[in-house]
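Peer 1: query-v4.csv is reproduced in full below (CSV, C-alpha atoms and all ligand atoms).
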```csv
chain,number,residue,atom,x,y,z
F,1,MET,CA,9.1,-22.7,22.5
F,2,SER,CA,6.7,-20.3,20.8
F,3,LYS,CA,8.1,-17.8,18.4
F,4,VAL,CA,6.9,-14.2,18.2
F,5,LEU,CA,7.8,-11.6,15.5
F,6,ILE,CA,7.5,-8.0,16.5
F,7,ILE,CA,7.2,-5.5,13.6
F,8,GLU,CA,7.6,-2.1,15.3
F,9,ASP,CA,9.5,0.9,14.3
F,10,GLU,CA,9.8,2.5,17.8
F,11,LYS,CA,13.1,0.9,18.8
F,12,GLU,CA,12.8,1.5,22.5
F,13,LEU,CA,9.3,-0.1,22.6
F,14,SER,CA,10.5,-3.0,20.6
F,15,ILE,CA,13.5,-3.6,22.9
F,16,VAL,CA,11.4,-3.6,26.0
F,17,LEU,CA,8.7,-5.9,24.5
F,18,LYS,CA,11.4,-8.3,23.3
F,19,ALA,CA,12.9,-8.5,26.8
F,20,TYR,CA,9.5,-9.1,28.3
F,21,LEU,CA,8.5,-11.7,25.9
F,22,GLU,CA,11.8,-13.5,26.2
F,23,ARG,CA,11.4,-13.4,29.9
F,24,ALA,CA,8.0,-15.1,29.5
F,25,GLY,CA,9.6,-17.9,27.5
F,26,TYR,CA,9.2,-16.9,23.9
F,27,GLU,CA,11.7,-16.7,21.1
F,28,VAL,CA,11.5,-13.3,19.6
F,29,TRP,CA,12.5,-11.6,16.4
F,30,THR,CA,12.1,-7.9,15.7
F,31,SER,CA,12.0,-5.8,12.6
F,32,GLU,CA,11.7,-2.0,12.4
F,33,ARG,CA,10.4,-1.9,8.8
F,34,GLY,CA,7.2,-3.3,7.3
F,35,ASP,CA,8.8,-4.8,4.2
F,36,GLU,CA,11.6,-6.4,6.1
F,37,GLY,CA,9.2,-7.7,8.7
F,38,LEU,CA,7.1,-9.4,6.0
F,39,ASP,CA,10.3,-11.0,4.7
F,40,LEU,CA,11.2,-12.2,8.2
F,41,TRP,CA,7.7,-13.7,8.6
F,42,GLN,CA,8.2,-15.7,5.4
F,43,LYS,CA,11.6,-16.9,6.5
F,44,LYS,CA,11.0,-17.7,10.2
F,45,HIS,CA,7.3,-18.8,10.3
F,46,PRO,CA,6.7,-17.3,13.7
F,47,ASP,CA,3.7,-18.6,15.8
F,48,MET,CA,2.4,-15.0,16.0
F,49,VAL,CA,3.0,-11.5,14.9
F,50,LEU,CA,2.8,-8.3,16.9
F,51,LEU,CA,2.2,-5.8,14.2
F,52,ASP,CA,2.4,-2.0,14.4
F,53,LEU,CA,0.0,-0.2,12.1
F,54,ASN,CA,2.2,2.7,10.9
F,55,LEU,CA,5.5,1.5,9.7
F,56,PRO,CA,8.2,2.5,7.1
F,57,GLY,CA,8.4,0.3,4.1
F,58,MET,CA,5.0,-1.2,4.2
F,59,ASP,CA,2.1,-0.4,6.6
F,60,GLY,CA,0.6,-2.9,9.0
F,61,ILE,CA,-2.7,-3.2,7.0
F,62,ASP,CA,-0.9,-4.4,3.9
F,63,ILE,CA,1.3,-6.8,5.9
F,64,ALA,CA,-1.8,-8.3,7.6
F,65,ARG,CA,-3.5,-8.8,4.2
F,66,LYS,CA,-0.4,-10.4,2.8
F,67,ILE,CA,0.0,-12.7,5.8
F,68,ARG,CA,-3.7,-13.7,5.6
F,69,GLN,CA,-3.5,-14.6,1.9
F,70,LYS,CA,-1.0,-17.3,2.8
F,71,ASP,CA,-1.5,-18.3,6.4
F,72,GLU,CA,-3.5,-18.2,9.6
F,73,THR,CA,-0.6,-16.9,11.8
F,74,PRO,CA,-2.2,-15.1,14.7
F,75,ILE,CA,-1.8,-11.3,14.5
F,76,ILE,CA,-2.1,-8.7,17.2
F,77,MET,CA,-2.4,-5.3,15.6
F,78,VAL,CA,-0.9,-2.3,17.5
F,79,THR,CA,-2.3,1.1,16.9
F,80,ALA,CA,-1.5,4.5,18.2
F,81,ARG,CA,-5.1,5.7,18.3
F,82,VAL,CA,-8.2,4.1,19.7
F,83,GLU,CA,-10.3,5.5,16.8
F,84,GLU,CA,-8.3,3.4,14.4
F,85,VAL,CA,-9.5,0.2,16.0
F,86,ASP,CA,-13.0,0.6,14.5
F,87,ARG,CA,-11.5,1.2,11.1
F,88,LEU,CA,-9.3,-1.9,11.4
F,89,LEU,CA,-12.3,-4.0,12.5
F,90,GLY,CA,-14.2,-2.7,9.4
F,91,LEU,CA,-11.3,-3.8,7.2
F,92,GLU,CA,-11.8,-7.4,8.3
F,93,LEU,CA,-8.1,-8.1,8.3
F,94,GLY,CA,-8.5,-11.2,10.4
F,95,ALA,CA,-6.4,-9.8,13.2
F,96,ASP,CA,-6.8,-11.8,16.4
F,97,ASP,CA,-6.6,-8.9,18.8
F,98,TYR,CA,-5.9,-5.2,18.9
F,99,ILE,CA,-3.8,-3.2,21.3
F,100,THR,CA,-3.8,0.6,21.5
F,101,LYS,CA,-0.7,2.6,22.5
F,102,PRO,CA,0.4,3.5,25.1
F,103,TYR,CA,0.3,0.0,26.6
F,104,SER,CA,2.2,-1.7,29.3
F,105,PRO,CA,4.6,-4.6,28.2
F,106,ARG,CA,2.8,-6.7,30.9
F,107,GLU,CA,-0.5,-6.2,29.0
F,108,VAL,CA,1.1,-7.2,25.7
F,109,VAL,CA,2.5,-10.4,27.2
F,110,ALA,CA,-0.9,-11.3,28.6
F,111,ARG,CA,-2.5,-10.7,25.2
F,112,VAL,CA,0.1,-12.7,23.4
F,113,LYS,CA,-0.4,-15.6,25.8
F,114,ALA,CA,-4.2,-15.4,25.4
F,115,VAL,CA,-4.0,-15.3,21.6
F,116,LEU,CA,-1.5,-18.2,21.4
F,117,ARG,CA,-3.6,-20.2,23.9
F,118,ARG,CA,-6.6,-19.8,21.6
F,119,ALA,CA,-4.5,-20.8,18.7
F,120,GLY,CA,-3.5,-23.9,20.6
F,121,LYS,CA,0.1,-22.8,21.2
F,122,SER,CA,1.3,-22.4,24.8
F,123,PRO,CA,4.5,-20.8,25.9
F,124,ASP,CA,7.3,-22.8,27.5
F,125,THR,CA,6.2,-23.2,31.1
F,126,SER,CA,9.2,-25.1,32.3
F,127,LYS,CA,10.5,-22.0,34.2
F,128,THR,CA,9.3,-21.3,37.7
F,129,SER,CA,6.6,-18.7,37.4
F,130,VAL,CA,6.8,-17.2,40.9
F,131,ILE,CA,9.8,-16.3,43.0
F,132,ASN,CA,9.3,-16.0,46.7
F,133,ILE,CA,12.3,-14.5,48.4
F,134,ALA,CA,12.3,-12.8,51.8
F,135,ASP,CA,9.1,-10.7,51.9
F,136,LEU,CA,9.0,-10.4,48.1
F,137,GLN,CA,6.7,-12.2,45.7
F,138,ILE,CA,7.8,-11.9,42.0
F,139,ASP,CA,5.2,-13.2,39.6
F,140,LEU,CA,7.0,-13.8,36.3
F,141,ASP,CA,3.8,-14.6,34.3
F,142,GLY,CA,2.0,-11.6,35.5
F,143,PHE,CA,5.0,-9.3,35.6
F,144,ILE,CA,4.1,-8.1,39.0
F,145,ALA,CA,6.3,-7.8,42.0
F,146,ALA,CA,4.9,-7.3,45.5
F,147,GLN,CA,6.4,-6.8,49.0
F,148,SER,CA,4.5,-8.3,51.8
F,149,GLY,CA,1.5,-8.4,49.5
F,150,GLU,CA,1.7,-4.8,48.5
F,151,SER,CA,2.3,-4.2,44.8
F,152,LEU,CA,5.6,-2.5,44.0
F,153,GLU,CA,5.0,-0.2,41.0
F,154,LEU,CA,8.1,-1.2,39.1
F,155,THR,CA,9.0,-0.1,35.6
F,156,PRO,CA,9.7,-2.9,33.1
F,157,THR,CA,13.4,-2.3,33.4
F,158,GLU,CA,13.3,-2.3,37.2
F,159,PHE,CA,11.2,-5.5,37.2
F,160,LEU,CA,13.6,-7.3,35.0
F,161,ILE,CA,16.6,-6.2,37.0
F,162,LEU,CA,15.0,-7.4,40.2
F,163,VAL,CA,14.1,-10.8,38.6
F,164,THR,CA,17.6,-11.3,37.4
F,165,LEU,CA,19.1,-10.6,40.8
F,166,ALA,CA,16.5,-12.5,42.8
F,167,GLU,CA,16.9,-15.6,40.6
F,168,ALA,CA,20.5,-16.0,41.7
F,169,PRO,CA,20.9,-14.9,45.4
F,170,GLY,CA,24.5,-14.5,46.3
F,171,ARG,CA,25.7,-14.3,42.7
F,172,VAL,CA,27.4,-11.1,41.6
F,173,LEU,CA,26.0,-9.7,38.3
F,174,THR,CA,27.9,-7.1,36.4
F,175,ARG,CA,26.2,-4.0,35.2
F,176,LEU,CA,26.6,-5.2,31.6
F,177,GLN,CA,24.8,-8.5,32.5
F,178,LEU,CA,22.0,-6.6,34.2
F,179,LEU,CA,21.7,-4.3,31.3
F,180,GLU,CA,21.4,-7.1,28.9
F,181,ALA,CA,18.9,-9.0,31.0
F,182,SER,CA,16.7,-5.9,31.3
F,183,GLN,CA,17.0,-4.4,27.8
F,184,GLY,CA,17.7,-7.4,25.7
F,185,VAL,CA,20.9,-5.8,24.4
F,186,ALA,CA,23.8,-4.3,26.2
F,187,TYR,CA,25.9,-1.5,24.9
F,188,GLU,CA,29.3,-1.0,26.5
F,189,GLY,CA,29.5,2.5,27.9
F,190,TYR,CA,25.9,2.4,29.1
F,191,GLU,CA,26.6,0.2,32.1
F,192,ARG,CA,26.2,3.1,34.4
F,193,SER,CA,22.5,3.5,33.5
F,194,VAL,CA,22.0,0.4,35.6
F,195,ASP,CA,23.0,2.4,38.7
F,196,ALA,CA,20.0,4.8,38.2
F,197,HIS,CA,17.6,1.8,37.9
F,198,ILE,CA,19.1,0.2,41.0
F,199,LYS,CA,18.7,3.4,42.9
F,200,ASN,CA,15.0,3.7,41.9
F,201,LEU,CA,14.5,0.0,42.7
F,202,ARG,CA,16.0,0.4,46.1
F,203,ALA,CA,13.8,3.4,46.8
F,204,LYS,CA,10.7,1.4,45.9
F,205,LEU,CA,11.9,-1.6,48.0
F,206,GLY,CA,12.8,0.7,50.9
F,207,ASP,CA,16.3,-0.6,50.7
F,208,ASP,CA,19.3,1.2,52.1
F,209,SER,CA,22.5,1.0,49.9
F,210,LYS,CA,24.7,1.3,53.1
F,211,GLU,CA,22.9,-1.5,55.0
F,212,PRO,CA,21.1,-3.3,52.3
F,213,LYS,CA,18.3,-5.8,53.0
F,214,TYR,CA,18.0,-7.0,49.4
F,215,ILE,CA,20.5,-5.6,46.9
F,216,GLU,CA,24.2,-5.3,47.7
F,217,THR,CA,26.7,-3.2,45.7
F,218,VAL,CA,29.8,-5.0,44.9
F,219,PHE,CA,32.3,-2.3,44.3
F,220,GLY,CA,34.0,-2.3,41.0
F,221,VAL,CA,31.9,-5.2,39.7
F,222,GLY,CA,28.1,-4.8,40.0
F,223,TYR,CA,25.3,-6.0,42.3
F,224,ARG,CA,24.0,-9.1,44.0
F,225,PHE,CA,20.9,-10.1,45.7
F,226,LYS,CA,21.8,-10.9,49.3
F,227,LYS,CA,22.0,-14.6,50.2
F,228,ASP,CA,19.8,-15.8,53.1
F,229,VAL,CA,17.7,-12.7,53.2
F,230,SER,CA,15.4,-13.1,56.2
I,1,CA,CA,4.9,3.1,14.1
```
Show the structure stored in the file as C-alpha cells.
Ligand code: CA

Peer 2:
Amino acid sequence: MSKVLIIEDEKELSIVLKAYLERAGYEVWTSERGDEGLDLWQKKHPDMVLLDLNLPGMDGIDIARKIRQKDETPIIMVTARVEEVDRLLGLELGADDYITKPYSPREVVARVKAVLRRAGKSPDTSKTSVINIADLQIDLDGFIAAQSGESLELTPTEFLILVTLAEAPGRVLTRLQLLEASQGVAYEGYERSVDAHIKNLRAKLGDDSKEPKYIETVFGVGYRFKKDVS
C-alpha cells in the first residue's frame, strides 16, 4: 500500500483529502505544521508528500529543500495562488507537480496517482473500482457517481457516504459510521450532521425518504442502502 504524507494547516481540507486518499487505497498521515511534517517524513518514509506552501513552523519551500537534500520522495506542492507556481518553478525545488487552491479532492487523487505511477509506485488496486447498483454507477478511482449515465454533482462528503452505503446493500450503518467513513474521523455529538448530507444526497438522487428507492432511514439507528434495488 502506498503511503502519503499530507502537510497542510487547513484542517478541513486535510481531513477531506485524507478520506479521499484512504478511499483510493493509500495509507495517509497528516501534519498541520511544517516542522512536525518534516519530522514525520523522516520517521515514516512516505512514498509521496502533498505539501502546502504556507505553513506554521516551517514553510513548504524549506521542507521541499530539506527533503530533496536527502531523498527523491515525490512531492506535490500545493499553493493558494497561481502566480506562485512560476516562482516555485524558478526555485527548482524538484517538486514533481503543483496544484493550486481551490482544488477538488478528486483532482488531487488523480495527481497523486499520476505522480506515483511515474515514480513506479502504484496504489493498491485490489478493491473494486466501479460499483454498479440499480441505475447508479459509482467510479471509485475517478470519484464520480452517475445515475443512468448522468453525472451526479456530489460533494466529497456525499460521494463517500453514498459509496459506504452502496458497498453494503441491506446493511444498516450508524450515523457515526457514516461520519467516520466520509470525514476520516467521527466526533460524537456530530452524528446529526450526517442527516443533512443524506438529505442533500437524496435530493440529488431524486430519492424520496418516505418511499425510498435507494436509501432507507432506519429509525433510531441510521441508514441503509436498499437491498435488491431494481
Ligand atoms: Ca496553508

Peer 1: Please give me, as a list in words, the residues lying within 8 Å of ligand CA 1 (chain I) when counting only C-alpha atoms and all ligand atoms.

Peer 2: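 Every residue with an atom at most 8 Å from ligand CA 1 (chain I) is listed here: Glu8, Asp9, Glu10, Asp52, Leu53, Asn54, Leu55, Pro56, Thr79 and Ala80 of chain F.
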
Peer 1: Which polymer residues have any atom within 7 Å of an atom of region 141-145 of chain F, counting all atoms listed in the file, with same-chain residues fewer than 5 positions away left out, as a CSV table (one decimal) with C-alpha atoms, in the coordinates of the input?

Peer 2:
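And here is the file that came out, around_4.csv:
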```
chain,number,residue,atom,x,y,z
F,24,ALA,CA,8.0,-15.1,29.5
F,106,ARG,CA,2.8,-6.7,30.9
F,129,SER,CA,6.6,-18.7,37.4
F,151,SER,CA,2.3,-4.2,44.8
F,152,LEU,CA,5.6,-2.5,44.0
```

Peer 1: Name all residues at most 12 Å from region 205-214 of chain F (count all atoms listed in the file; drop same-chain ones fewer than 4 positions away) and give them as a PyMOL selection string.

Peer 2: chain F and resi 133-136+145-148+150-154+158-159+162+165-166+169-170+195+198-201+218-219+223-230

Peer 1: Give me the residues of region 87-121 of chain F that have any atom at most 9 Å from an atom of region 71-78 of chain F; for each, the nearest atom pair and the distance in Å, rounded to one decimal. Use all atoms listed in the file, sort by chain and number, and format it as CSV.

Peer 2:
```
residue,atom,partner,partner_atom,distance
F:Leu88,CA,F:Met77,CA,8.8
F:Gly94,CA,F:Ile75,CA,7.9
F:Ala95,CA,F:Ile75,CA,5.0
F:Asp96,CA,F:Ile75,CA,5.4
F:Asp97,CA,F:Ile76,CA,4.8
F:Tyr98,CA,F:Met77,CA,4.8
F:Ile99,CA,F:Val78,CA,4.9
F:Thr100,CA,F:Val78,CA,5.7
F:Lys101,CA,F:Val78,CA,7.0
F:Arg111,CA,F:Ile76,CA,8.3
F:Val112,CA,F:Ile76,CA,7.7
F:Val115,CA,F:Pro74,CA,7.1
F:Leu116,CA,F:Pro74,CA,7.4
F:Ala119,CA,F:Pro74,CA,7.3
```

Peer 1: Output C-alpha atoms for every residue in that selection, as a CSV table (one decimal), in the frame of the given file.

Peer 2:
```csv
chain,number,residue,atom,x,y,z
F,88,LEU,CA,-9.3,-1.9,11.4
F,94,GLY,CA,-8.5,-11.2,10.4
F,95,ALA,CA,-6.4,-9.8,13.2
F,96,ASP,CA,-6.8,-11.8,16.4
F,97,ASP,CA,-6.6,-8.9,18.8
F,98,TYR,CA,-5.9,-5.2,18.9
F,99,ILE,CA,-3.8,-3.2,21.3
F,100,THR,CA,-3.8,0.6,21.5
F,101,LYS,CA,-0.7,2.6,22.5
F,111,ARG,CA,-2.5,-10.7,25.2
F,112,VAL,CA,0.1,-12.7,23.4
F,115,VAL,CA,-4.0,-15.3,21.6
F,116,LEU,CA,-1.5,-18.2,21.4
F,119,ALA,CA,-4.5,-20.8,18.7
```

Peer 1: Could you give me, as JSON, numbers by chain, the residues that sit within 7 Å of (27.1, -3.5, 36.4) in the file's coordinates, counting all atoms listed in the file?

Peer 2: {"F": [173, 174, 175, 176, 177, 178, 191, 192, 194, 221, 222, 223]}

Peer 1: Keeping only C-alpha atoms, write the selected residues to a file as a CSV table (one decimal), in the frame of the given file.

Peer 2:
```
chain,number,residue,atom,x,y,z
F,173,LEU,CA,26.0,-9.7,38.3
F,174,THR,CA,27.9,-7.1,36.4
F,175,ARG,CA,26.2,-4.0,35.2
F,176,LEU,CA,26.6,-5.2,31.6
F,177,GLN,CA,24.8,-8.5,32.5
F,178,LEU,CA,22.0,-6.6,34.2
F,191,GLU,CA,26.6,0.2,32.1
F,192,ARG,CA,26.2,3.1,34.4
F,194,VAL,CA,22.0,0.4,35.6
F,221,VAL,CA,31.9,-5.2,39.7
F,222,GLY,CA,28.1,-4.8,40.0
F,223,TYR,CA,25.3,-6.0,42.3
```

Peer 1: What's the 8 Å shell around Ile131 (chain F), counting all atoms listed in the file, without same-chain residues fewer than 4 positions away, as a PyMOL selection string?

Peer 2: chain F and resi 136-140+166-167

Peer 1: Once you count only C-alpha atoms, which residues end up no further than 10 Å from (12.3, -13.5, 28.3) in the file's frame, shown as a ChimeraX atom specification?

Peer 2: /F:17-28,140,160,181-182,184

Peer 1: Tell me which of F:Ile6, F:Met1, F:Met48, F:Leu38 sits closest to Arg118 (chain F), counting all atoms listed in the file.

Peer 2: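 Answer, going by the shortest atom-to-atom distance: F:Met48.
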
Peer 1: In Å to one decimal, how far is CA of Pro46 (chain F) from CA of Leu179 (chain F)?

Peer 2: 26.5 Å

Peer 1: Please enclose the listed atoms of region 91-96 of chain F in an axis-aligned box, pad each side by 3 Å, and write out the centre and the three edge lengths in Å, rounded to one decimal, as JSON.

Peer 2:
```
{"center_x": -9.1, "center_y": -7.8, "center_z": 11.8, "size_x": 11.4, "size_y": 14.0, "size_z": 15.2}
```

Peer 1: Can you work out the spacing between CA of Arg68 (chain F) and CA of Lys44 (chain F) in Å, to one decimal?

Peer 2: 15.9 Å

Peer 1: With distances taken over all atoms listed in the file, which residue among F:Gly189, F:Pro156, F:Gly37, F:Gly220 lies nearest Tyr103 (chain F)?

Peer 2: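 Looking only at the distances to Tyr103 (chain F), the closest residue turns out to be F:Pro156.
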
Peer 1: Suppose you want the space between CA of Lys70 (chain F) and CA of Asp35 (chain F); what is it in Å?

Peer 2: 15.9 Å

Peer 1: Counting all atoms listed in the file, figure out which residue out of F:Val163, F:Ala196, F:Val4, F:Lys11 gets nearest to Val130 (chain F).

Peer 2: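 Under the stated criterion, the closest residue is F:Val163.
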
Peer 1: For His45 (chain F), which of F:Ser104, F:Ser14, F:Ser2, F:Asn132 is the closest residue, counting only C-alpha atoms?

Peer 2: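 Nearest candidate to His45 (chain F) out of F:Ser104, F:Ser14, F:Ser2, F:Asn132: F:Ser2.
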
Peer 1: Rank F:Val108, F:Leu51, F:Ile215, F:Ile67 by their smallest atom-to-atom distance to Ala168 (chain F), using only C-alpha atoms, and report the top residue only.

Peer 2: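 Nearest candidate to Ala168 (chain F) out of F:Val108, F:Leu51, F:Ile215, F:Ile67: F:Ile215.
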
Peer 1: Given all atoms listed in the file as the basis, pick out the residue of F:Val16, F:Leu93, F:Leu5, F:Val172 nearest to Trp29 (chain F).

Peer 2: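 Result for the nearest residue to Trp29 (chain F): F:Leu5.
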